Amino acid sequence: MVARQLDEQLAAHFPPSGGAHGRRRSLRVLDIGPGQGTQSLRLARAGHVVTGLESDPVMLSTLRAAVAEEPPEVRERMALLSGDGRQTGRHFGPACFDVVLCHGVLMYVPDPEPLLAALARVLAPGGMLSLLVRNGDALAMRPGLLGDWPGALGAFGADAYTNRLGLATRADRREPLTAILAGIGVPLQGWYGVRVFTDAVPDSAPVPSDPREMAGLLDAEEAAGRTDPYRAVAALLHLCGTRT
C-alpha cells in the first residue's frame, strides 16, 4: 500500500519532462530508518539515487548484505550510512534531497518536531517529505476488533502503545502533525490510511495464494486508505508534505 501511495505522490510532485510520455528524472532520495530496505531498494531499482540513514547496526548490516546482492547499477545508486535522523546536519548540507522518507520512525522518538525540522532542512524547495506514523486516533481499533475490551478502553485518548515487537512506542495524530509540518515549511499536501481492514489479522496469517484474492485485498485497502471516514481509523497514517 505504501508503495502504491508513494508512487502516486511522486508522479504528482515530479511529473516527467515532456508530458506523460517523457522521461522521469532521477531523484535524490534520503530514507531515514530504511530497515530492510523495502522502499530504498525499490526506488534505487527504479533509477533514483538513494541514501539510507540507519541507526540500528543489525538492520544496517542486513541491508548492506541485501544491497550487495543487487546488480552493479543498483548498487551504484545506493549509499548506506550509520546515523540518527535527528542529526542529519552531521552528514548532509541543506536542501540536498528531492525526497525524504521517514517511515516507521516517529513512534520511537519522544518528540517528533526536532526530527521533522532536521529533515526539512535537508529537503530542497519543492521536495517531498513522506511520513508513515502510527495513528493515535485509532489506537482502540485493533484491541476492539480482537475483543480486548479493557485494551480498547485504555487506548482512548492515549499516545503510548506496545507494538507487535513488544516495544513501548508512541502514536501521532494527524492534526498536530499537520501543524508541525506547516510550522517547519513543509505543509501537508495529501494523506492516506494504511491497514484499514487488515490490521487485526495475525502476523502468522498466510498471504493469499490466489492472485485475484490478493489483488482484491490490495484494491479494497487502497480504496479505504483514500476515502473518508475509513482512512481516519487506519492503523497507520501516510502523510506527504511539500517543502516551500
# chains A, B, ... in the order shown; residues from 1 in each chain; ligands from 1
$ residues_around --residues "Arg170 of chain A" --least-positions-apart "5" --cutoff "8 Å" --atoms "only C-alpha atoms" --output "PDB file with C-alpha atoms, in the first residue's frame"
ATOM      1  CA  LEU A 106       8.493   8.755  14.621  1.00  0.00           C
ATOM      2  CA  MET A 107       6.942   6.225  17.006  1.00  0.00           C
ATOM      3  CA  TYR A 108      10.397   5.640  18.510  1.00  0.00           C
ATOM      4  CA  VAL A 109      11.197   9.289  19.327  1.00  0.00           C
ATOM      5  CA  PRO A 110       9.589  11.141  22.256  1.00  0.00           C
ATOM      6  CA  ARG A 134       1.054   5.083  13.987  1.00  0.00           C
ATOM      7  CA  ASP A 159      -0.495   8.148  22.885  1.00  0.00           C
ATOM      8  CA  ALA A 160       1.599   5.248  24.176  1.00  0.00           C
ATOM      9  CA  TYR A 161       1.160   1.683  22.974  1.00  0.00           C
TER      10      TYR A 161
END
$ residues_around --residues "Ala66 of chain A" --least-positions-apart "2" --cutoff "10 Å" --atoms "only C-alpha atoms" --output "CSV table (one decimal) with C-alpha atoms, in the first residue's frame"
chain,number,residue,atom,x,y,z
A,36,GLN,CA,15.2,-4.0,5.4
A,37,GLY,CA,15.2,-1.6,2.5
A,41,LEU,CA,15.8,-0.8,-2.9
A,60,LEU,CA,22.2,-1.7,8.7
A,61,SER,CA,24.3,-4.9,8.3
A,62,THR,CA,21.3,-6.7,6.9
A,63,LEU,CA,20.5,-4.0,4.4
A,64,ARG,CA,24.1,-3.8,3.3
A,68,ALA,CA,25.4,-6.4,-2.2
A,69,GLU,CA,23.2,-8.9,-4.0
A,70,GLU,CA,21.8,-6.2,-6.4
A,75,ARG,CA,24.5,-0.8,-6.0
$ select_by_dssp --residues "segment 87-240 of chain A" --states "strand (DSSP E or B)" --output "ChimeraX atom specification"
/A:97-103,123-135,160-162,168-170,172,188-194,236-240
$ closest_residue --among "A:Asp172, A:Asp228, A:Glu8, A:Glu113" --to "Gly85 of chain A" --atoms "only C-alpha atoms"
A:Glu113
$ closest_residue --among "A:Gly33, A:Gly127, A:Pro114, A:Gly225" --to "Leu237 of chain A" --atoms "only C-alpha atoms"
A:Gly225
$ atom_distance --atom1 "atom CA of Met128 of chain A" --atom2 "atom CA of Leu239 of chain A"
10.2 Å
$ residues_around --residues "Leu27 of chain A" --least-positions-apart "3" --cutoff "9 Å" --atoms "only C-alpha atoms" --output "JSON list (two decimals) with N, CA, C and O atoms, in the first residue's frame"
[["chain", "number", "residue", "atom", "x", "y", "z"],
["A", 14, "PHE", "N", 6.64, 15.17, -9.16],
["A", 14, "PHE", "CA", 7.74, 15.21, -10.12],
["A", 14, "PHE", "C", 7.30, 14.61, -11.44],
["A", 14, "PHE", "O", 7.74, 13.53, -11.84],
["A", 24, "ARG", "N", 11.16, 10.40, -16.78],
["A", 24, "ARG", "CA", 11.14, 10.87, -15.41],
["A", 24, "ARG", "C", 12.58, 11.00, -14.91],
["A", 24, "ARG", "O", 13.40, 10.10, -15.08],
["A", 47, "GLY", "N", 15.74, 3.70, -10.63],
["A", 47, "GLY", "CA", 16.64, 4.68, -11.21],
["A", 47, "GLY", "C", 16.96, 5.88, -10.35],
["A", 47, "GLY", "O", 17.69, 6.78, -10.79],
["A", 48, "HIS", "N", 16.45, 5.91, -9.13],
["A", 48, "HIS", "CA", 16.72, 7.04, -8.25],
["A", 48, "HIS", "C", 17.98, 6.80, -7.43],
["A", 48, "HIS", "O", 18.39, 5.65, -7.20],
["A", 49, "VAL", "N", 18.60, 7.89, -6.97],
["A", 49, "VAL", "CA", 19.81, 7.81, -6.14],
["A", 49, "VAL", "C", 19.38, 7.88, -4.68],
["A", 49, "VAL", "O", 18.80, 8.89, -4.24],
["A", 50, "VAL", "N", 19.66, 6.84, -3.93],
["A", 50, "VAL", "CA", 19.09, 6.68, -2.59],
["A", 50, "VAL", "C", 20.19, 6.62, -1.54],
["A", 50, "VAL", "O", 21.16, 5.88, -1.68],
["A", 97, "PHE", "N", 18.28, 17.01, -0.92],
["A", 97, "PHE", "CA", 17.47, 15.87, -1.32],
["A", 97, "PHE", "C", 16.14, 16.34, -1.91],
["A", 97, "PHE", "O", 15.55, 17.31, -1.46],
["A", 98, "ASP", "N", 15.68, 15.61, -2.92],
["A", 98, "ASP", "CA", 14.36, 15.88, -3.52],
["A", 98, "ASP", "C", 13.25, 15.21, -2.74],
["A", 98, "ASP", "O", 12.12, 15.70, -2.72],
["A", 99, "VAL", "N", 13.57, 14.08, -2.13],
["A", 99, "VAL", "CA", 12.56, 13.29, -1.41],
["A", 99, "VAL", "C", 13.20, 12.79, -0.11],
["A", 99, "VAL", "O", 14.34, 12.33, -0.11]]
$ closest_residue --among "A:Val207, A:Ala200, A:Ala171, A:Ala118" --to "Gly147 of chain A" --atoms "only C-alpha atoms"
A:Ala200
$ closest_residue --among "A:Leu139, A:Met59, A:Cys102, A:Ala95" --to "Thr244 of chain A" --atoms "only C-alpha atoms"
A:Ala95
$ closest_residue --among "A:Glu222, A:Asp31, A:Asp7, A:Glu175" --to "Val100 of chain A" --atoms "only C-alpha atoms"
A:Asp31
$ select_by_dssp --residues "segment 19-238 of chain A" --states "alpha helix (DSSP H)" --output "JSON, numbers by chain"
{"A": [38, 39, 40, 41, 42, 43, 44, 45, 57, 58, 59, 60, 61, 62, 63, 64, 65, 66, 67, 68, 72, 73, 74, 75, 76, 112, 113, 114, 115, 116, 117, 118, 119, 120, 121, 141, 142, 143, 144, 145, 149, 150, 151, 152, 153, 154, 155, 174, 175, 176, 177, 178, 179, 180, 181, 182, 183, 211, 212, 213, 214, 215, 216, 217, 218, 219, 220, 221, 222, 223, 224, 225]}
